[in-house]
>>> print(open('upload.cif').read())   # mmCIF, C-alpha atoms and all ligand atoms
data_structure
loop_
_atom_site.label_atom_id
_atom_site.label_comp_id
_atom_site.auth_asym_id
_atom_site.auth_seq_id
_atom_site.Cartn_x
_atom_site.Cartn_y
_atom_site.Cartn_z
CA MET A 1047 1.02 -30.65 25.61
CA PRO A 1048 -1.12 -30.26 22.48
CA LYS A 1049 0.68 -31.24 19.28
CA ILE A 1050 1.88 -28.36 17.12
CA LYS A 1051 2.70 -28.44 13.40
CA LYS A 1052 6.40 -29.07 12.81
CA ASN A 1053 6.89 -26.16 10.44
CA ILE A 1054 5.31 -23.70 12.90
CA VAL A 1055 6.76 -24.79 16.21
CA ASP A 1056 9.94 -22.69 15.81
CA ILE A 1057 8.22 -19.49 14.66
CA LYS A 1058 9.00 -16.68 17.11
CA THR A 1059 7.49 -13.23 17.64
CA SER A 1060 8.74 -11.20 14.67
CA ALA A 1061 12.26 -9.93 15.52
CA THR A 1062 11.42 -6.26 15.02
CA LEU A 1063 8.37 -6.46 17.29
CA ALA A 1064 10.36 -8.44 19.86
CA ILE A 1065 13.15 -5.82 20.06
CA ASN A 1066 10.49 -3.17 20.56
CA GLU A 1067 8.92 -5.07 23.43
CA LEU A 1068 12.35 -5.67 25.03
CA SER A 1069 13.22 -1.98 24.67
CA HIS A 1070 9.95 -1.05 26.43
CA LYS A 1071 10.76 -3.47 29.25
CA LEU A 1072 14.26 -2.04 29.76
CA GLU A 1073 12.91 1.51 29.65
CA LYS A 1074 10.40 0.64 32.37
CA LYS A 1075 13.32 -0.48 34.51
CA GLY A 1076 14.81 3.01 34.07
CA LYS A 1077 17.39 2.33 31.34
CA GLU A 1078 17.75 4.93 28.58
CA ILE A 1079 17.12 3.17 25.28
CA PHE A 1080 18.10 4.36 21.80
CA ARG A 1081 15.54 2.81 19.48
CA PHE A 1082 17.38 1.73 16.35
CA GLY A 1083 15.51 -1.61 16.28
CA LEU A 1084 11.90 -1.38 15.06
CA GLY A 1085 11.36 0.47 11.78
CA GLN A 1086 8.37 2.59 12.70
CA SER A 1087 7.77 5.82 10.79
CA PRO A 1088 8.49 8.83 13.05
CA PHE A 1089 6.32 11.14 10.93
CA PRO A 1090 2.74 12.14 11.80
CA VAL A 1091 -0.17 11.09 9.64
CA PRO A 1092 -0.97 14.27 7.60
CA GLN A 1093 -3.69 16.28 9.35
CA ILE A 1094 -6.10 16.21 6.40
CA ILE A 1095 -6.15 12.40 6.56
CA VAL A 1096 -6.62 12.37 10.35
CA GLU A 1097 -9.57 14.76 9.98
CA GLU A 1098 -11.10 12.47 7.39
CA LEU A 1099 -10.82 9.57 9.83
CA ILE A 1100 -12.58 11.57 12.54
CA LYS A 1101 -15.30 12.55 10.07
CA ASN A 1102 -15.87 8.89 9.20
CA ALA A 1103 -15.90 7.42 12.69
CA GLN A 1104 -19.58 6.55 12.19
CA GLN A 1105 -18.89 4.33 9.19
CA LYS A 1106 -19.85 1.04 10.72
CA ASN A 1107 -20.87 -1.32 7.95
CA TYR A 1108 -18.88 -4.18 6.55
CA ILE A 1109 -17.17 -3.13 3.36
CA ASN A 1110 -16.61 -5.06 0.13
CA VAL A 1111 -13.89 -7.68 0.76
CA SER A 1112 -11.64 -6.16 -1.93
CA GLY A 1113 -11.99 -2.73 -0.33
CA LEU A 1114 -14.02 0.42 -0.82
CA PHE A 1115 -14.49 1.02 -4.57
CA GLU A 1116 -13.51 4.72 -4.38
CA LEU A 1117 -10.33 3.80 -2.52
CA ARG A 1118 -9.40 1.08 -5.00
CA GLU A 1119 -10.04 3.59 -7.78
CA GLN A 1120 -7.54 6.00 -6.19
CA VAL A 1121 -4.99 3.27 -5.53
CA ALA A 1122 -5.22 2.10 -9.15
CA LYS A 1123 -4.83 5.67 -10.40
CA TYR A 1124 -1.84 6.29 -8.12
CA HIS A 1125 -0.01 3.13 -9.23
CA SER A 1126 -0.90 3.66 -12.89
CA ILE A 1127 1.03 6.94 -12.70
CA LYS A 1128 3.85 5.85 -10.37
CA ASN A 1129 4.46 2.46 -11.96
CA ARG A 1130 3.77 3.69 -15.49
CA ASN A 1131 1.23 0.95 -16.18
CA ASN A 1132 -2.51 0.77 -16.55
CA TYR A 1133 -4.43 -0.51 -13.51
CA SER A 1134 -8.11 -0.43 -12.65
CA PRO A 1135 -9.98 -0.91 -9.33
CA GLU A 1136 -10.52 -4.57 -10.30
CA ASN A 1137 -6.76 -5.16 -10.00
CA VAL A 1138 -6.63 -3.95 -6.38
CA ILE A 1139 -7.25 -5.55 -2.99
CA ILE A 1140 -7.14 -3.55 0.23
CA GLY A 1141 -6.02 -5.48 3.31
CA PRO A 1142 -5.03 -5.01 6.97
CA GLY A 1143 -1.44 -4.06 6.15
CA SER A 1144 0.66 -5.20 3.20
CA LYS A 1145 2.20 -7.87 5.45
CA GLU A 1146 -1.09 -9.80 5.53
CA LEU A 1147 -1.57 -9.38 1.78
CA ILE A 1148 1.94 -10.72 1.07
CA PHE A 1149 1.11 -13.69 3.29
CA GLN A 1150 -2.21 -14.38 1.57
CA THR A 1151 -0.53 -14.25 -1.84
CA GLN A 1152 2.10 -16.75 -0.73
CA LEU A 1153 -0.68 -18.89 0.69
CA VAL A 1154 -2.65 -19.03 -2.54
CA LEU A 1155 0.31 -19.81 -4.79
CA ASP A 1156 1.63 -23.35 -4.98
CA CYS A 1157 5.19 -22.15 -5.40
CA ASP A 1158 8.78 -22.10 -4.21
CA VAL A 1159 9.85 -18.76 -2.77
CA LEU A 1160 12.99 -16.93 -3.92
CA LEU A 1161 14.38 -14.43 -1.45
CA PRO A 1162 17.35 -12.09 -1.76
CA CYS A 1163 19.70 -12.52 1.16
CA PRO A 1164 19.28 -10.29 3.16
CA SER A 1165 15.52 -9.71 3.07
CA TRP A 1166 12.86 -8.20 5.34
CA VAL A 1167 12.31 -10.28 8.50
CA SER A 1168 8.81 -11.57 7.74
CA TYR A 1169 9.07 -13.06 4.25
CA GLU A 1170 10.94 -16.16 5.40
CA PRO A 1171 8.72 -17.01 8.43
CA GLN A 1172 5.63 -16.48 6.28
CA ALA A 1173 6.97 -18.99 3.73
CA GLN A 1174 7.91 -21.32 6.59
CA ILE A 1175 4.42 -21.17 8.09
CA LEU A 1176 3.10 -22.17 4.68
CA ASN A 1177 5.61 -25.02 4.38
CA LYS A 1178 7.23 -23.61 1.26
CA LYS A 1179 10.68 -24.30 -0.07
CA ILE A 1180 12.84 -21.19 0.17
CA HIS A 1181 15.76 -20.45 -2.15
CA TRP A 1182 18.08 -17.70 -0.92
CA ILE A 1183 19.87 -15.59 -3.51
CA GLU A 1184 23.15 -14.21 -2.21
CA THR A 1185 23.95 -10.52 -2.45
CA ASP A 1186 26.75 -8.44 -0.97
CA ALA A 1187 27.85 -4.90 -0.37
CA THR A 1188 29.43 -4.64 -3.84
CA SER A 1189 25.99 -5.12 -5.47
CA ASN A 1190 24.50 -2.74 -2.90
CA TRP A 1191 22.78 -5.76 -1.29
CA HIS A 1192 20.57 -6.36 -4.33
CA ILE A 1193 20.42 -9.50 -6.44
CA THR A 1194 22.07 -9.55 -9.84
CA PRO A 1195 20.39 -10.98 -12.96
CA GLU A 1196 23.15 -13.61 -13.14
CA ALA A 1197 22.51 -14.80 -9.57
CA LEU A 1198 18.77 -14.97 -10.23
CA ASP A 1199 19.28 -17.00 -13.39
CA LYS A 1200 21.69 -19.34 -11.63
CA VAL A 1201 19.33 -20.09 -8.76
CA CYS A 1202 16.55 -20.90 -11.22
CA ASN A 1203 18.69 -23.62 -12.82
CA ASN A 1204 18.36 -25.60 -9.59
CA ILE A 1205 14.62 -25.15 -9.03
CA PHE A 1206 12.34 -27.85 -10.33
CA LYS A 1207 9.05 -26.40 -9.13
CA ALA A 1208 7.11 -24.82 -11.99
CA GLU A 1209 5.80 -21.88 -9.97
CA LYS A 1210 8.37 -19.50 -8.51
CA LEU A 1211 7.66 -16.39 -6.49
CA LEU A 1212 10.46 -13.83 -6.14
CA ILE A 1213 10.00 -11.12 -3.51
CA LEU A 1214 11.83 -7.87 -4.20
CA ASN A 1215 11.88 -4.79 -2.00
CA SER A 1216 13.22 -1.39 -2.99
CA PRO A 1217 14.11 0.95 -1.30
CA ASN A 1218 15.18 -1.92 0.81
CA ASN A 1219 14.68 -3.05 4.35
CA PRO A 1220 17.29 -3.91 5.76
CA SER A 1221 19.92 -2.21 3.55
CA GLY A 1222 18.32 1.14 2.66
CA THR A 1223 19.57 0.80 -0.92
CA SER A 1224 17.47 1.04 -4.10
CA HIS A 1225 17.46 -1.34 -7.06
CA TYR A 1226 19.38 -0.21 -10.13
CA ASN A 1227 19.12 -3.25 -12.47
CA LEU A 1228 15.39 -3.79 -12.75
CA GLU A 1229 15.18 -4.04 -16.54
CA ALA A 1230 17.79 -6.82 -16.61
CA LEU A 1231 16.11 -8.62 -13.69
CA ALA A 1232 12.76 -8.40 -15.48
CA LEU A 1233 14.23 -10.19 -18.51
CA ILE A 1234 15.49 -13.07 -16.34
CA ALA A 1235 12.19 -13.24 -14.47
CA LYS A 1236 10.30 -13.52 -17.77
CA LYS A 1237 12.71 -16.11 -19.12
CA ASN A 1238 12.26 -18.31 -16.03
CA ASN A 1239 8.53 -17.75 -15.70
CA ILE A 1240 8.91 -16.18 -12.26
CA ILE A 1241 6.11 -14.23 -10.60
CA VAL A 1242 7.58 -11.16 -8.91
CA LEU A 1243 6.08 -9.66 -5.78
CA SER A 1244 7.42 -6.12 -5.70
CA ASP A 1245 7.16 -4.83 -2.13
CA GLU A 1246 6.99 -1.06 -2.64
CA ILE A 1247 6.13 -0.02 0.91
CA TYR A 1248 9.11 2.45 0.97
CA ALA A 1249 8.63 3.73 -2.61
CA GLU A 1250 7.62 7.26 -1.57
CA LEU A 1251 10.66 7.48 0.69
CA ASP A 1252 13.21 6.97 -2.09
CA PHE A 1253 15.45 10.01 -1.52
CA SER A 1254 15.64 10.70 -5.26
CA GLY A 1255 11.86 11.19 -5.32
CA GLN A 1256 11.93 9.04 -8.45
CA TYR A 1257 11.03 5.56 -7.55
CA LYS A 1258 11.54 2.82 -10.13
CA SER A 1259 9.53 -0.40 -10.19
CA ILE A 1260 10.17 -3.72 -11.90
CA SER A 1261 6.46 -3.72 -12.74
CA HIS A 1262 7.22 -1.18 -15.45
CA TYR A 1263 9.46 -3.70 -17.26
CA TYR A 1264 7.44 -6.80 -16.41
CA PRO A 1265 3.83 -5.67 -15.88
CA GLU A 1266 2.23 -9.02 -16.72
CA GLY A 1267 4.22 -10.92 -14.05
CA THR A 1268 4.52 -8.38 -11.24
CA ILE A 1269 2.30 -8.09 -8.19
CA ILE A 1270 2.78 -4.81 -6.27
CA SER A 1271 2.25 -4.44 -2.53
CA SER A 1272 2.25 -1.10 -0.78
CA GLY A 1273 0.36 0.91 1.82
CA LEU A 1274 0.28 3.81 4.23
CA SER A 1275 2.54 2.46 6.97
CA LYS A 1276 5.81 4.11 5.99
CA TRP A 1277 5.39 7.30 3.94
CA CYS A 1278 2.16 8.27 5.68
CA GLY A 1279 3.18 7.28 9.20
CA ALA A 1280 0.10 5.08 9.61
CA GLY A 1281 1.58 1.69 10.54
CA GLY A 1282 -0.86 1.27 13.42
CA TRP A 1283 -3.86 1.94 11.20
CA ARG A 1284 -3.22 -1.41 9.51
CA ILE A 1285 -4.07 -0.73 5.92
CA GLY A 1286 -2.22 -1.88 2.82
CA SER A 1287 -2.89 -2.62 -0.81
CA ILE A 1288 -1.92 -5.18 -3.39
CA ILE A 1289 -2.26 -4.98 -7.16
CA PHE A 1290 -2.46 -7.97 -9.45
CA PRO A 1291 -2.06 -7.57 -13.21
CA LYS A 1292 -5.01 -8.88 -15.23
CA GLU A 1293 -2.82 -11.84 -16.29
CA LEU A 1294 -2.77 -12.98 -12.63
CA LYS A 1295 -6.49 -12.52 -12.03
CA ASN A 1296 -6.87 -16.12 -10.81
CA ILE A 1297 -4.47 -15.41 -7.91
CA LYS A 1298 -6.26 -12.17 -7.09
CA ASP A 1299 -9.66 -13.87 -7.02
CA LEU A 1300 -8.39 -16.50 -4.62
CA VAL A 1301 -6.67 -13.97 -2.35
CA ARG A 1302 -10.03 -12.22 -2.21
CA SER A 1303 -11.82 -15.48 -1.35
CA VAL A 1304 -9.31 -16.30 1.40
CA ALA A 1305 -9.65 -12.74 2.73
CA SER A 1306 -13.42 -13.17 2.85
CA GLU A 1307 -12.97 -16.23 5.05
CA THR A 1308 -10.35 -14.68 7.35
CA TYR A 1309 -10.24 -10.91 8.01
CA THR A 1310 -13.40 -9.97 5.98
CA ALA A 1311 -12.37 -6.38 5.22
CA VAL A 1312 -10.27 -3.52 6.58
CA SER A 1313 -11.92 -1.24 9.13
CA ALA A 1314 -14.39 1.07 7.35
CA PRO A 1315 -13.34 4.48 8.81
CA ILE A 1316 -9.70 3.77 7.94
CA GLN A 1317 -10.64 3.02 4.33
CA TYR A 1318 -12.60 6.26 4.00
CA ALA A 1319 -9.69 8.22 5.44
CA ALA A 1320 -7.22 6.45 3.13
CA ILE A 1321 -9.00 7.91 0.10
CA LYS A 1322 -7.55 11.29 1.13
CA ALA A 1323 -4.09 9.76 1.38
CA TYR A 1324 -4.26 8.83 -2.29
CA SER A 1325 -6.35 11.67 -3.70
CA GLU A 1326 -4.67 14.71 -2.08
CA ASP A 1327 -1.29 16.11 -3.06
CA HIS A 1328 1.29 15.32 -0.34
CA THR A 1329 4.34 16.41 -2.35
CA GLN A 1330 5.63 18.97 0.17
CA PHE A 1331 5.22 16.60 3.11
CA LEU A 1332 7.11 13.91 1.21
CA ILE A 1333 9.90 16.21 0.06
CA LYS A 1334 10.45 17.21 3.68
CA SER A 1335 10.28 13.64 4.98
CA ARG A 1336 12.87 12.49 2.43
CA LYS A 1337 15.15 15.44 3.15
CA ILE A 1338 15.05 14.72 6.88
CA LEU A 1339 15.73 11.01 6.44
CA GLU A 1340 18.56 11.61 3.98
CA THR A 1341 20.21 14.13 6.32
CA ILE A 1342 20.10 11.65 9.20
CA ALA A 1343 21.29 8.80 6.96
CA ASN A 1344 24.27 10.84 5.75
CA TYR A 1345 25.21 11.85 9.30
CA ILE A 1346 25.13 8.24 10.53
CA HIS A 1347 26.89 6.90 7.46
CA GLN A 1348 29.69 9.45 7.79
CA THR A 1349 30.12 8.99 11.56
CA LEU A 1350 30.19 5.20 11.43
CA THR A 1351 32.40 5.06 8.34
CA GLU A 1352 34.94 7.33 10.04
CA ILE A 1353 35.39 4.84 12.88
CA GLY A 1354 35.78 1.85 10.55
CA ILE A 1355 32.27 0.39 10.42
CA LYS A 1356 31.47 -0.65 6.86
CA CYS A 1357 28.10 0.60 5.62
CA GLN A 1358 26.45 1.64 2.35
CA LYS A 1359 24.88 5.07 2.13
CA PRO A 1360 21.08 4.62 2.26
CA GLN A 1361 19.14 5.74 -0.82
CA GLY A 1362 15.67 5.59 0.69
CA GLY A 1363 13.59 4.58 3.72
CA PHE A 1364 15.14 4.51 7.18
CA TYR A 1365 17.51 1.57 7.44
CA MET A 1366 21.12 0.65 6.93
CA LEU A 1367 23.32 -2.39 7.35
CA CYS A 1368 26.44 -1.94 9.46
CA ASP A 1369 29.34 -4.37 9.32
CA PHE A 1370 31.33 -4.31 12.58
CA SER A 1371 33.91 -6.92 11.52
CA ASN A 1372 36.69 -4.31 11.11
CA VAL A 1373 36.20 -2.83 14.57
CA ILE A 1374 35.19 -5.75 16.83
CA LYS A 1375 37.32 -8.74 17.67
CA LYS A 1376 35.23 -11.85 18.29
CA SER A 1377 35.42 -13.17 21.87
CA ASN A 1378 33.47 -15.38 24.27
CA LYS A 1379 31.07 -12.55 24.90
CA ILE A 1380 30.73 -11.43 21.28
CA SER A 1381 30.76 -14.40 18.96
CA ASP A 1382 28.13 -13.41 16.40
CA GLY A 1383 25.67 -10.71 15.37
CA GLN A 1384 23.09 -11.61 18.03
CA SER A 1385 25.58 -11.48 20.92
CA LEU A 1386 26.99 -8.21 19.54
CA CYS A 1387 23.50 -6.66 19.56
CA SER A 1388 22.72 -8.00 23.05
CA LYS A 1389 26.02 -6.69 24.49
CA ILE A 1390 25.57 -3.23 22.97
CA LEU A 1391 21.95 -3.08 24.20
CA GLU A 1392 23.02 -4.12 27.68
CA ASP A 1393 26.02 -1.73 27.85
CA ILE A 1394 24.68 1.47 26.31
CA GLY A 1395 20.96 0.87 25.60
CA PHE A 1396 21.46 0.99 21.81
CA ALA A 1397 18.86 -1.36 20.28
CA MET A 1398 19.48 -2.82 16.81
CA LEU A 1399 18.97 -6.16 15.08
CA PRO A 1400 21.47 -8.80 13.99
CA GLY A 1401 21.80 -9.49 10.26
CA SER A 1402 20.75 -13.10 10.96
CA ASP A 1403 17.16 -11.85 11.41
CA PHE A 1404 17.31 -10.95 7.72
CA GLY A 1405 18.93 -14.17 6.48
CA ILE A 1406 22.59 -13.11 6.83
CA GLN A 1407 24.91 -15.77 8.26
CA LYS A 1408 24.64 -15.98 12.03
CA GLU A 1409 28.40 -15.66 12.56
CA SER A 1410 28.66 -12.36 10.72
CA LEU A 1411 28.94 -9.09 12.65
CA ILE A 1412 26.53 -7.31 10.35
CA THR A 1413 23.60 -5.57 12.03
CA ARG A 1414 20.66 -3.50 10.86
CA ILE A 1415 19.88 -0.13 12.29
CA ALA A 1416 16.64 1.81 11.81
CA PHE A 1417 17.18 5.55 12.25
CA VAL A 1418 13.73 6.55 13.47
CA ASP A 1419 14.25 7.58 17.09
CA PHE A 1420 13.19 11.19 16.60
CA ASP A 1421 10.05 13.32 16.68
CA GLY A 1422 8.91 13.54 13.05
CA SER A 1423 6.49 16.44 13.68
CA LYS A 1424 9.21 18.52 15.31
CA ALA A 1425 11.60 17.75 12.46
CA ILE A 1426 9.01 18.73 9.82
CA ASN A 1427 8.22 21.98 11.64
CA TYR A 1428 11.90 22.82 11.80
CA ILE A 1429 12.48 22.49 8.10
CA ASN A 1430 9.40 24.40 6.96
CA ASN A 1431 10.80 27.12 4.69
CA LYS A 1432 14.40 25.96 4.98
CA GLU A 1433 16.47 25.27 1.89
CA PHE A 1434 18.89 22.86 3.50
CA LEU A 1435 19.48 21.31 6.86
CA SER A 1436 22.51 22.28 8.92
CA GLU A 1437 24.13 20.59 11.93
CA ASP A 1438 21.81 22.32 14.36
CA PHE A 1439 18.84 20.58 12.70
CA LEU A 1440 20.09 17.25 13.97
CA GLU A 1441 20.87 18.62 17.44
CA TYR A 1442 17.48 20.28 17.73
CA SER A 1443 15.21 17.70 16.07
CA CYS A 1444 17.02 14.40 16.50
CA PRO A 1445 18.86 14.54 19.85
CA LYS A 1446 18.46 10.82 20.50
CA ILE A 1447 19.91 9.94 17.11
CA ILE A 1448 23.00 12.03 17.89
CA LYS A 1449 23.27 10.75 21.46
CA GLY A 1450 22.77 7.11 20.41
CA ILE A 1451 25.29 7.25 17.57
CA THR A 1452 27.81 9.12 19.76
CA LYS A 1453 27.43 6.46 22.47
CA LEU A 1454 27.89 3.71 19.90
CA LYS A 1455 31.01 5.43 18.57
CA LYS A 1456 32.48 5.74 22.10
CA TRP A 1457 31.59 2.12 22.87
CA ILE A 1458 33.44 0.97 19.74
CA GLU A 1459 36.45 3.11 20.60
CA THR A 1460 36.69 1.73 24.13
CA ASN A 1461 36.00 -1.88 23.13
CA ASN A 1462 38.29 -1.92 20.10
C1 LIG B 1501 9.88 -4.38 3.71
C2 LIG B 1501 8.57 -4.31 4.41
N1 LIG B 1501 7.50 -4.82 3.80
C3 LIG B 1501 6.29 -4.82 4.38
C4 LIG B 1501 6.12 -4.29 5.64
C5 LIG B 1501 4.75 -4.38 6.26
O1 LIG B 1501 4.09 -3.19 6.25
P1 LIG B 1501 2.53 -3.09 6.61
O2 LIG B 1501 2.03 -4.45 6.92
O3 LIG B 1501 2.45 -2.18 7.78
O4 LIG B 1501 1.88 -2.54 5.36
C6 LIG B 1501 7.20 -3.74 6.33
C7 LIG B 1501 7.06 -3.23 7.70
O5 LIG B 1501 7.98 -3.05 8.44
C8 LIG B 1501 8.47 -3.75 5.68
O6 LIG B 1501 9.56 -3.24 6.28
#
>>> encode(input="upload.cif", output="structure tokens", more="lines below")
Ligand SMILES: Cc1ncc(COP(=O)(O)O)c(C=O)c1O
Amino acid sequence: MPKIKKNIVDIKTSATLAINELSHKLEKKGKEIFRFGLGQSPFPVPQIIVEELIKNAQQKNYINVSGLFELREQVAKYHSIKNRNNYSPENVIIGPGSKELIFQTQLVLDCDVLLPCPSWVSYEPQAQILNKKIHWIETDATSNWHITPEALDKVCNNIFKAEKLLILNSPNNPSGTSHYNLEALALIAKKNNIIVLSDEIYAELDFSGQYKSISHYYPEGTIISSGLSKWCGAGGWRIGSIIFPKELKNIKDLVRSVASETYTAVSAPIQYAAIKAYSEDHTQFLIKSRKILETIANYIHQTLTEIGIKCQKPQGGFYMLCDFSNVIKKSNKISDGQSLCSKILEDIGFAMLPGSDFGIQKESLITRIAFVDFDGSKAINYINNKEFLSEDFLEYSCPKIIKGITKLKKWIETNN
């Protein structure tokens, strides 16, 4: 057997992608699967952007490594307004998904990585691949699964590495909650000389429609990653962006150099189409998307809370954490979050992920569900011209959400 690097040998296929592949396999065998595992946007890419992609299919040349200038111009303009700062195209790099850009940034920095626990599945393996020291910062349901300034300060007291990279994500995957204490966190980050990577991939799906970013309070030390995968339904297009403040130009220049030696540039037609994503007004599409997601989130939150599962009401995106410890007694068959998820998948075809995939203790019975198993186009068509969404919206547009949650509820009641 060829020798493999020690820090890489245990890296598995990303948990969310693995649950998707397993769900496909079970479906092929004829089992009905309720897809609450992978967080893929159910909404269509807006037609105007699709048409732009078709129009640009002939764009065949390599593009500037940083990305098409006109696209970077639009991205800078968009974030200058949304993040209430001043960015220019020189601050922006376009990459094949924000995941890759987060990885490249970690790669360039000689730093320890600070991660809230729980955090999105890929931050930790990325840091592991790069042989970085990871410092977890505990959170819990009482702080809505977000780190407090006190906890951040405390963790810094035990870090001796000069460079520290903190990755924040709001609205959050896996908890669905939004940060509320950004100004106070920014002060602690400044005090401890921390570079913040603010992962804003769900920003447009904050149900309030008023996303807040730490970059506003700490512009000189915040790198922002975002893209079209979530609000624009274009995960498979593989395009994302990252913005470095001018104070961190040296990191940006090196990310660009590494990009030039690895992926070269994002596919040209996709970049041309993405200009429309940033330059056109998508307000109505977004208002509808948020309304649909919030209605589903409230339905699930209410149903699961009624049967004793502890969960926080999501404030954005399409995820929530569910704590089964009040309703499931541990046994030989269900001893931790992973075995709970496997048993439920096997019994009723309900796919979700254990909290341990996000850094939560293995023994806990906390899981993450993604409420995306519905037809986004059908849901958007239904709510055109409707003021509010009634019960029949869910029955008509999201039958698998209702069926899946009802099955889960019955399973809990019979296994309790
Ligand atoms: C929190 C978070 N960040 C980043 C990403 C990566 O998005 P992409 O690489 O498609 O831009 C995801 C995707 O699931 C995510 O949930």
>>> atom_distance(input="upload.cif", atom1="CA of Phe1396 (chain A)", atom2="CA of Leu1063 (chain A)")
15.7 Å
>>> closest_residue(input="upload.cif", among="A:Ile1429, A:Ala1208, A:Val1167, A:Leu1367", to="ligand LIG 1501 (chain B)", atoms="only C-alpha atoms and all ligand atoms")
A:Val1167
>>> residues_near_ligand(input="upload.cif", ligand="ligand LIG 1501 (chain B)", cutoff="6 Å", atoms="only C-alpha atoms and all ligand atoms", output="list of chain:residue names")
A:Gly1085, A:Gly1143, A:Ser1144, A:Lys1145, A:Trp1166, A:Asn1219, A:Asp1245, A:Ile1247, A:Gly1273, A:Ser1275, A:Gly1281, A:Arg1284, A:Gly1286
>>> closest_atom_pairs(input="upload.cif", of="region 1243-1270 of chain A", to="region 1314-1330 of chain A", cutoff="12 Å", atoms="all atoms listed in the file", output="tab-separated table")
residue	atom	partner	partner_atom	distance
A:Glu1250	CA	A:Thr1329	CA	9.8
A:Leu1251	CA	A:Thr1329	CA	11.4
A:Gly1255	CA	A:Thr1329	CA	9.6
>>> write_last_selection(input="upload.cif", atoms="C-alpha atoms", output="tab-separated table (two decimals), keeping the file's coordinate frame")
chain	number	residue	atom	x	y	z
A	1250	GLU	CA	7.62	7.26	-1.57
A	1251	LEU	CA	10.66	7.48	0.69
A	1255	GLY	CA	11.86	11.19	-5.32
>>> closest_residue(input="upload.cif", among="A:Glu1136, A:Asp1186, A:Asp1438, A:Glu1246", to="Phe1290 (chain A)", atoms="only C-alpha atoms")
A:Glu1136
>>> residues_near_point(input="upload.cif", point="(-3.6, -18.5, -0.7)", cutoff="8 Å", atoms="all atoms listed in the file", output="tab-separated table (two decimals) with C-alpha atoms, keeping the file's coordinate frame")
chain	number	residue	atom	x	y	z
A	1149	PHE	CA	1.11	-13.69	3.29
A	1150	GLN	CA	-2.21	-14.38	1.57
A	1151	THR	CA	-0.53	-14.25	-1.84
A	1152	GLN	CA	2.10	-16.75	-0.73
A	1153	LEU	CA	-0.68	-18.89	0.69
A	1154	VAL	CA	-2.65	-19.03	-2.54
A	1155	LEU	CA	0.31	-19.81	-4.79
A	1297	ILE	CA	-4.47	-15.41	-7.91
A	1300	LEU	CA	-8.39	-16.50	-4.62
A	1301	VAL	CA	-6.67	-13.97	-2.35
A	1304	VAL	CA	-9.31	-16.30	1.40
>>> residues_around(input="upload.cif", residues="region 1385-1388 of chain A", least_positions_apart="5", cutoff="12 Å", atoms="all atoms listed in the file", output="PyMOL selection string")
chain A and resi 1065+1068-1069+1082-1083+1368-1371+1373-1380+1393-1403+1408-1415+1454+1457-1458+1461
>>> residues_around(input="upload.cif", residues="Pro1164 (chain A)", least_positions_apart="2", cutoff="6 Å", atoms="only C-alpha atoms", output="list in words")
Pro1162, Phe1404, Gly1405 and Ile1406 of chain A
>>> closest_residue(input="upload.cif", among="A:Ile1338, A:Ile1288, A:Ala1235, A:Ile1451", to="Ile1353 (chain A)", atoms="only C-alpha atoms")
A:Ile1451
>>> residues_near_point(input="upload.cif", point="(11.3, 14.8, 17.2)", cutoff="10 Å", atoms="all atoms listed in the file", output="list in words")
Pro1088, Phe1089, Val1418, Asp1419, Phe1420, Asp1421, Gly1422, Ser1423, Lys1424, Ala1425, Ile1426, Asn1427, Tyr1428, Leu1440, Tyr1442, Ser1443, Cys1444, Pro1445, Lys1446 and Ile1447 of chain A
>>> atom_distance(input="upload.cif", atom1="CA of Lys1071 (chain A)", atom2="CA of Gly1279 (chain A)")
24.0 Å
>>> atom_distance(input="upload.cif", atom1="CA of Asn1372 (chain A)", atom2="CA of Ala1187 (chain A)")
14.5 Å
>>> decode(input="upload.cif", residues="region 1412-1417 of chain A", atoms="N, CA, C and O atoms", output="PDB file, in the first residue's frame")
ATOM      1  N   ILE A1412     -28.181  14.814  19.748  1.00  0.00           N
ATOM      2  CA  ILE A1412     -28.542  15.990  18.941  1.00  0.00           C
ATOM      3  C   ILE A1412     -28.272  15.670  17.462  1.00  0.00           C
ATOM      4  O   ILE A1412     -27.225  15.099  17.133  1.00  0.00           O
ATOM      5  N   THR A1413     -29.227  16.009  16.621  1.00  0.00           N
ATOM      6  CA  THR A1413     -29.053  15.776  15.177  1.00  0.00           C
ATOM      7  C   THR A1413     -29.331  17.077  14.421  1.00  0.00           C
ATOM      8  O   THR A1413     -29.923  17.995  14.980  1.00  0.00           O
ATOM      9  N   ARG A1414     -28.897  17.106  13.168  1.00  0.00           N
ATOM     10  CA  ARG A1414     -29.241  18.259  12.332  1.00  0.00           C
ATOM     11  C   ARG A1414     -30.177  17.833  11.221  1.00  0.00           C
ATOM     12  O   ARG A1414     -29.935  16.832  10.549  1.00  0.00           O
ATOM     13  N   ILE A1415     -31.259  18.590  11.070  1.00  0.00           N
ATOM     14  CA  ILE A1415     -32.102  18.334   9.913  1.00  0.00           C
ATOM     15  C   ILE A1415     -32.043  19.526   8.955  1.00  0.00           C
ATOM     16  O   ILE A1415     -31.894  20.668   9.364  1.00  0.00           O
ATOM     17  N   ALA A1416     -32.124  19.207   7.672  1.00  0.00           N
ATOM     18  CA  ALA A1416     -32.187  20.221   6.612  1.00  0.00           C
ATOM     19  C   ALA A1416     -33.576  20.073   5.991  1.00  0.00           C
ATOM     20  O   ALA A1416     -33.910  19.001   5.507  1.00  0.00           O
ATOM     21  N   PHE A1417     -34.369  21.157   6.040  1.00  0.00           N
ATOM     22  CA  PHE A1417     -35.748  21.012   5.551  1.00  0.00           C
ATOM     23  C   PHE A1417     -35.879  21.492   4.102  1.00  0.00           C
ATOM     24  O   PHE A1417     -36.430  22.546   3.815  1.00  0.00           O
TER      25      PHE A1417
END
